[in-house]
Amino acid sequence: MTANGAEPVVFFHWGISMIQITLPDGPQTHSAPVRGTEIATRSGTADADTALAIRIDGVLRDLGDLVENDASVEVITRDHPEALELLRHDAAHVLAEAVKELYPETQVTIGPTIENGFYYDFQRETSFTPEDLVQIEERMREIVARDETIEREVWQRDDAIRYFEARGERYKSEIIAGLPATETLSVYRQGEFRDLCRGPHLPSTGKLGTAFRLLKVAGAYWRGDHRNPMLQRIYGTAWRDQAELDAYLHQLEEAEKRDHRKLGREMDLFHFQEEAPGAVFWHPKGWTLFQALIDYMRQRQNRAGYVEINTPDIMERSLWERSGHWDKFGENMFTTEAREDRVFALKPMNCPGGIQVYKQGIKSYRDLPLRIAEFGKVHRFEPSGALHGLMRLRAFTQDDAHIFCTEEQITRECRIVCQLILDIYRDFGFDDVRVKFSDRPQKRIGSDAVWDRSEAALKAAVEAAGLAYTTNPGEGAFYGPKLEFVLRDAIGRDWQCGTLQVDLNLPERLGAFYVGPDGEKRAPVMLHRALFGSLERFAGILVEHHAGRLPLWLAPVQVLVATITSDGDSHANEVAAQLTSRGLRVETDLRNEKIGYKIREHSLAKVPVLLIVGKREAREGTVSLRRLGRTDTETLTLREAMVRLETEALHDAPSQAGLPNGDSREGGERISEAVNG
């Protein structure tokens, strides 16, 4: 029987049973077990130079592996989607070999692939320096030039432990000792270097090519546990060819220029400090940006029929136990014991609190859908090494909403949310949005039957909305499947922001119900929805996407009025007052500094518009208008400047065309019509 369940086609040649190989481009027959290298050479789609590995009946294997029975086979070439994973995997091993050759006393631990690259963790008494990275990279290129054959060997557990212990590799010995007794131990050899690995690998080091670069060294605890020794982690990136590598390195350069932590200092938006790891200190300008995001979202939600609530930041452990968070998420929760010996937890999620509000008063099916929004502050323990400015915090604000509806309303409500999310992202300059469907994780609550219904309903909704999506297996929330909305920014990076989840579990666990048309109590469906996701993170993404040059409607300071000399002070204050009365966010700079210095300083702070006034402007009632990033100025009357800037700010702002405030069902119908249209 073949992998797809069909009877194999058997050929007879001089009484010998033939092996049937099914390839995407046609079948092959062989009279004896055959290696992947020969299959690739005969396939017509690859040759000895381009083939990297093979997939046998869906399992990725080494190119040199034997195919002994009828099988479906796919040849993995350098341009195959899976090639990068293979190349980066081998780059990590070549890195380890280079380090061992240059610094034999170093212990190697683990070296996985990551997004856009790879890393390897090492135990070494002396710290690696930038100069060391240059030498290591040069040695890696030498290893590639040697074109060492990479071969898989199967070892006995005790032999492997003795081998690595004899060479002082206690971390490898520890890994082996912790593996299940039934697991086959494979060791890959390239030249004199051997490493424990499941594989697969490239046929030789030469197949890696030279499109790689070592990037940096960082600290990392062994097995990610702060109680274990600190290791040195060398990060690198690897690509198919030099053009791909150059493009990625250019992206890194752009990312460094756009780093929101750097721009946050220059724009005076926020700061971080050791006394509050993973929490942000917002400065006035940053808080203005943060509130602008909330104001925008609040208007969109009001017009879409949402009501807004607020729930406590800290609640007793028993609530989190009933919801399932304590069991599934407890290790990431901050807890405290009050004097009355009760255990409380800072909320990591807003949903249990939202259900408590829903439960106040009896709900009828006529009240559904009920859309409840909350800008809720949540707290989650993240390892200190994972914290990264606004992008990865321990305390952050979610633009959460929970839609309580019937099962019959799931598809319609999900379609409305999908359209709202895409509209909002366009308002902020994100037109390239990808959707991922994440199904049930291993660690979850609820029966398989409930999950079947939840997943089917969410798939039906995203398909009815006409959205293309990819599948992200096993990455759903512990209470339900979800859609993830991934934004691509101005330099090609992806950011997962919004989510939409279908939950048939939590409402029932926490005793929420509505009265159906038959008078019976029923548990509502709960749709969990976040559009920005984390407001802090979205602010950071916006700053990097726009390189700090936020659109006029969103800029914390929209106009800066600067004087050339003190003769213009009175006029500057009048200009600022007039603009402020028109609703613009304005500051003045009346310091006794040269105007060139002021222009440079406020340009660095990314103020969109500078209005320069001096003695002449004061006498004539004019201003000199200068745009961020430009060197020319334009002289306007104060009235002309006010009308133009007010018009631009309004035109630049999202239209927020939407729904009148009022009944939530009316809002839903109006959006539904837009989606259907």
# chains A, B, ... in the order shown; residues from 1 in each chain; ligands from 1
>>> residues_around(residues="stretch 167-177 of chain A", least_positions_apart="5", cutoff="12 Å", atoms="only C-alpha atoms", output="PDB file with C-alpha atoms, in the first residue's frame")
ATOM      1  CA  LYS A 100      35.535  24.418  17.836  1.00  0.00           C
ATOM      2  CA  PRO A 104      38.804  24.082  21.109  1.00  0.00           C
ATOM      3  CA  GLU A 105      38.047  24.662  24.800  1.00  0.00           C
ATOM      4  CA  THR A 106      34.545  25.919  23.947  1.00  0.00           C
ATOM      5  CA  GLN A 107      31.554  23.675  24.648  1.00  0.00           C
ATOM      6  CA  VAL A 108      28.752  23.547  22.071  1.00  0.00           C
ATOM      7  CA  THR A 109      25.140  23.244  23.208  1.00  0.00           C
ATOM      8  CA  ILE A 110      22.244  23.792  20.778  1.00  0.00           C
ATOM      9  CA  GLY A 111      21.893  25.655  17.488  1.00  0.00           C
ATOM     10  CA  ASP A 121      24.813  28.715  22.122  1.00  0.00           C
ATOM     11  CA  PHE A 122      28.339  28.192  23.461  1.00  0.00           C
ATOM     12  CA  GLN A 123      29.933  27.805  26.897  1.00  0.00           C
ATOM     13  CA  ARG A 124      33.245  29.675  26.972  1.00  0.00           C
ATOM     14  CA  TRP A 155      24.914   5.684  17.636  1.00  0.00           C
ATOM     15  CA  GLN A 156      24.076   3.813  20.798  1.00  0.00           C
ATOM     16  CA  ARG A 157      23.118   6.056  23.710  1.00  0.00           C
ATOM     17  CA  ASP A 158      26.017   5.012  25.981  1.00  0.00           C
ATOM     18  CA  ASP A 159      28.550   5.358  23.174  1.00  0.00           C
ATOM     19  CA  ALA A 160      27.310   8.864  22.410  1.00  0.00           C
ATOM     20  CA  ILE A 161      27.461   9.940  26.065  1.00  0.00           C
ATOM     21  CA  ARG A 162      31.013   8.561  26.413  1.00  0.00           C
ATOM     22  CA  THR A 182      13.320   4.650  22.492  1.00  0.00           C
ATOM     23  CA  GLU A 183      14.670   7.564  20.457  1.00  0.00           C
ATOM     24  CA  THR A 184      17.217   6.830  17.746  1.00  0.00           C
ATOM     25  CA  LEU A 185      20.376   8.860  18.282  1.00  0.00           C
ATOM     26  CA  SER A 186      21.801  10.341  15.123  1.00  0.00           C
ATOM     27  CA  VAL A 187      25.165  12.081  14.961  1.00  0.00           C
ATOM     28  CA  PHE A 193      33.413  17.689  13.639  1.00  0.00           C
ATOM     29  CA  ARG A 194      30.537  15.629  15.008  1.00  0.00           C
ATOM     30  CA  ASP A 195      27.270  16.979  16.378  1.00  0.00           C
ATOM     31  CA  LEU A 196      24.146  15.427  17.832  1.00  0.00           C
ATOM     32  CA  CYS A 197      21.220  16.219  15.515  1.00  0.00           C
ATOM     33  CA  ARG A 198      18.016  14.711  14.151  1.00  0.00           C
ATOM     34  CA  TRP A 222      21.055  27.175  29.363  1.00  0.00           C
ATOM     35  CA  ARG A 223      17.602  25.780  28.542  1.00  0.00           C
ATOM     36  CA  ASN A 228      21.285  27.665  34.862  1.00  0.00           C
ATOM     37  CA  PRO A 229      24.665  28.911  33.591  1.00  0.00           C
ATOM     38  CA  LEU A 231      25.907  30.916  27.730  1.00  0.00           C
TER      39      LEU A 231
END
>>> select_by_dssp(residues="stretch 327-490 of chain A", states="alpha helix (DSSP H)", output="VMD selection string")
chain A and resid 327 to 329 351 to 358 410 to 427 448 to 464
>>> residues_around(residues="A:Leu500", least_positions_apart="4", cutoff="8 Å", atoms="only C-alpha atoms", output="PyMOL selection string")
chain A and resi 414+417+482-484+527-530
>>> residues_around(residues="A:Glu620", least_positions_apart="6", cutoff="12 Å", atoms="only C-alpha atoms", output="ChimeraX atom specification")
/A:568,571,613-614,635-638
>>> residues_around(residues="stretch 309-326 of chain A", least_positions_apart="6", cutoff="8 Å", atoms="only C-alpha atoms", output="ChimeraX atom specification")
/A:342-347,350,352-354,372-378,445,506,509-510
>>> write_last_selection(atoms="N, CA and C atoms", output="PDB file, in the first residue's frame")
ATOM      1  N   ARG A 342      -5.750  35.642  50.999  1.00  0.00           N
ATOM      2  CA  ARG A 342      -6.350  35.277  49.714  1.00  0.00           C
ATOM      3  C   ARG A 342      -5.331  35.572  48.624  1.00  0.00           C
ATOM      4  N   VAL A 343      -5.293  34.721  47.606  1.00  0.00           N
ATOM      5  CA  VAL A 343      -4.343  34.890  46.508  1.00  0.00           C
ATOM      6  C   VAL A 343      -5.030  35.627  45.372  1.00  0.00           C
ATOM      7  N   PHE A 344      -4.417  36.702  44.942  1.00  0.00           N
ATOM      8  CA  PHE A 344      -4.934  37.495  43.834  1.00  0.00           C
ATOM      9  C   PHE A 344      -3.949  37.441  42.672  1.00  0.00           C
ATOM     10  N   ALA A 345      -4.435  37.769  41.490  1.00  0.00           N
ATOM     11  CA  ALA A 345      -3.567  37.800  40.309  1.00  0.00           C
ATOM     12  C   ALA A 345      -3.864  39.040  39.487  1.00  0.00           C
ATOM     13  N   LEU A 346      -2.806  39.679  39.006  1.00  0.00           N
ATOM     14  CA  LEU A 346      -2.970  40.742  38.021  1.00  0.00           C
ATOM     15  C   LEU A 346      -3.460  40.104  36.734  1.00  0.00           C
ATOM     16  N   LYS A 347      -4.447  40.705  36.122  1.00  0.00           N
ATOM     17  CA  LYS A 347      -5.068  40.023  34.984  1.00  0.00           C
ATOM     18  C   LYS A 347      -4.117  39.962  33.784  1.00  0.00           C
ATOM     19  N   ASN A 350      -8.319  40.115  29.514  1.00  0.00           N
ATOM     20  CA  ASN A 350      -9.507  40.860  29.920  1.00  0.00           C
ATOM     21  C   ASN A 350     -10.798  40.044  29.894  1.00  0.00           C
ATOM     22  N   PRO A 352     -12.215  37.205  31.281  1.00  0.00           N
ATOM     23  CA  PRO A 352     -13.054  36.832  32.435  1.00  0.00           C
ATOM     24  C   PRO A 352     -13.777  38.034  33.034  1.00  0.00           C
ATOM     25  N   GLY A 353     -13.125  39.198  33.076  1.00  0.00           N
ATOM     26  CA  GLY A 353     -13.786  40.396  33.586  1.00  0.00           C
ATOM     27  C   GLY A 353     -14.938  40.820  32.708  1.00  0.00           C
ATOM     28  N   GLY A 354     -14.754  40.710  31.385  1.00  0.00           N
ATOM     29  CA  GLY A 354     -15.829  41.055  30.467  1.00  0.00           C
ATOM     30  C   GLY A 354     -17.052  40.183  30.665  1.00  0.00           C
ATOM     31  N   ILE A 372     -19.022  44.378  23.519  1.00  0.00           N
ATOM     32  CA  ILE A 372     -18.499  45.050  24.710  1.00  0.00           C
ATOM     33  C   ILE A 372     -16.994  45.256  24.536  1.00  0.00           C
ATOM     34  N   ALA A 373     -16.550  46.502  24.575  1.00  0.00           N
ATOM     35  CA  ALA A 373     -15.136  46.839  24.363  1.00  0.00           C
ATOM     36  C   ALA A 373     -14.495  47.290  25.667  1.00  0.00           C
ATOM     37  N   GLU A 374     -13.180  47.094  25.758  1.00  0.00           N
ATOM     38  CA  GLU A 374     -12.436  47.523  26.942  1.00  0.00           C
ATOM     39  C   GLU A 374     -10.991  47.811  26.553  1.00  0.00           C
ATOM     40  N   PHE A 375     -10.496  48.985  26.959  1.00  0.00           N
ATOM     41  CA  PHE A 375      -9.072  49.269  26.859  1.00  0.00           C
ATOM     42  C   PHE A 375      -8.455  48.816  28.178  1.00  0.00           C
ATOM     43  N   GLY A 376      -8.125  47.535  28.237  1.00  0.00           N
ATOM     44  CA  GLY A 376      -7.733  46.924  29.505  1.00  0.00           C
ATOM     45  C   GLY A 376      -6.237  46.732  29.626  1.00  0.00           C
ATOM     46  N   LYS A 377      -5.688  47.122  30.763  1.00  0.00           N
ATOM     47  CA  LYS A 377      -4.269  46.918  31.055  1.00  0.00           C
ATOM     48  C   LYS A 377      -4.075  45.494  31.537  1.00  0.00           C
ATOM     49  N   VAL A 378      -3.171  44.756  30.899  1.00  0.00           N
ATOM     50  CA  VAL A 378      -2.908  43.371  31.283  1.00  0.00           C
ATOM     51  C   VAL A 378      -1.434  43.217  31.646  1.00  0.00           C
ATOM     52  N   ILE A 445      -8.851  23.832  26.650  1.00  0.00           N
ATOM     53  CA  ILE A 445     -10.032  23.408  27.387  1.00  0.00           C
ATOM     54  C   ILE A 445     -11.128  23.092  26.379  1.00  0.00           C
ATOM     55  N   LEU A 506     -15.455  29.447  27.413  1.00  0.00           N
ATOM     56  CA  LEU A 506     -15.409  30.295  28.606  1.00  0.00           C
ATOM     57  C   LEU A 506     -16.782  30.738  29.107  1.00  0.00           C
ATOM     58  N   ARG A 509     -18.193  27.976  31.176  1.00  0.00           N
ATOM     59  CA  ARG A 509     -17.407  27.729  32.382  1.00  0.00           C
ATOM     60  C   ARG A 509     -17.681  28.779  33.454  1.00  0.00           C
ATOM     61  N   LEU A 510     -17.949  30.013  33.020  1.00  0.00           N
ATOM     62  CA  LEU A 510     -18.140  31.104  33.978  1.00  0.00           C
ATOM     63  C   LEU A 510     -19.610  31.462  34.177  1.00  0.00           C
TER      64      LEU A 510
END
>>> closest_residue(among="A:Gln356, A:Ser566, A:Ser384, A:Thr633", to="A:Gly511", atoms="only C-alpha atoms")
A:Gln356
>>> residues_around(residues="A:Gly480", least_positions_apart="6", cutoff="8 Å", atoms="only C-alpha atoms", output="PyMOL selection string")
chain A and resi 439-440+451+454-455+501-505
>>> select_by_dssp(residues="stretch 6-227 of chain A", states="strand (DSSP E or B)", output="MDAnalysis selection string")
chainID A and resid 12:13 16:17 19:23 26:30 34:35 51:56 59:62 66:67 71:77 107:108 113:114 117:123 149:155 185:190 193:196 204 212:221
>>> residues_around(residues="A:Ala386", least_positions_apart="6", cutoff="12 Å", atoms="only C-alpha atoms", output="short mmCIF file (atom, residue, chain, number, x, y, z; two decimals) with N, CA and C atoms, in the first residue's frame")
data_model
loop_
_atom_site.label_atom_id
_atom_site.label_comp_id
_atom_site.auth_asym_id
_atom_site.auth_seq_id
_atom_site.Cartn_x
_atom_site.Cartn_y
_atom_site.Cartn_z
N ALA A 218 24.97 37.53 22.15
CA ALA A 218 24.09 37.89 23.27
C ALA A 218 24.19 36.81 24.33
N GLY A 219 23.75 37.13 25.52
CA GLY A 219 23.72 36.15 26.59
C GLY A 219 22.43 35.34 26.55
N ALA A 220 22.50 34.08 26.99
CA ALA A 220 21.31 33.22 27.03
C ALA A 220 21.53 32.14 28.08
N TYR A 221 20.54 31.94 28.94
CA TYR A 221 20.65 30.90 29.95
C TYR A 221 20.46 29.52 29.31
N GLY A 224 17.06 28.16 28.79
CA GLY A 224 16.19 29.29 29.05
C GLY A 224 15.84 29.50 30.51
N PRO A 277 10.93 46.73 34.93
CA PRO A 277 11.24 46.03 33.68
C PRO A 277 9.97 45.63 32.94
N GLY A 278 9.96 45.90 31.65
CA GLY A 278 8.82 45.51 30.83
C GLY A 278 7.63 46.44 30.96
N ARG A 392 7.74 44.20 23.22
CA ARG A 392 7.56 43.06 24.12
C ARG A 392 7.61 43.57 25.54
N LEU A 393 6.47 43.64 26.19
CA LEU A 393 6.34 44.23 27.52
C LEU A 393 5.76 43.22 28.51
N ARG A 394 5.83 43.57 29.77
CA ARG A 394 5.14 42.80 30.80
C ARG A 394 3.81 43.46 31.19
#
>>> closest_residue(among="A:Leu215, A:Ile541, A:Leu550, A:Ala618", to="A:Glu574", atoms="only C-alpha atoms")
A:Ala618
>>> atom_distance(atom1="atom CA of A:Gly533", atom2="atom CA of A:Met391")
11.1 Å
>>> atom_distance(atom1="atom CA of A:Cys497", atom2="atom CA of A:Trp553")
21.7 Å
>>> closest_residue(among="A:Arg78, A:Arg213, A:His546, A:Arg522", to="A:Ala238", atoms="only C-alpha atoms")
A:Arg213
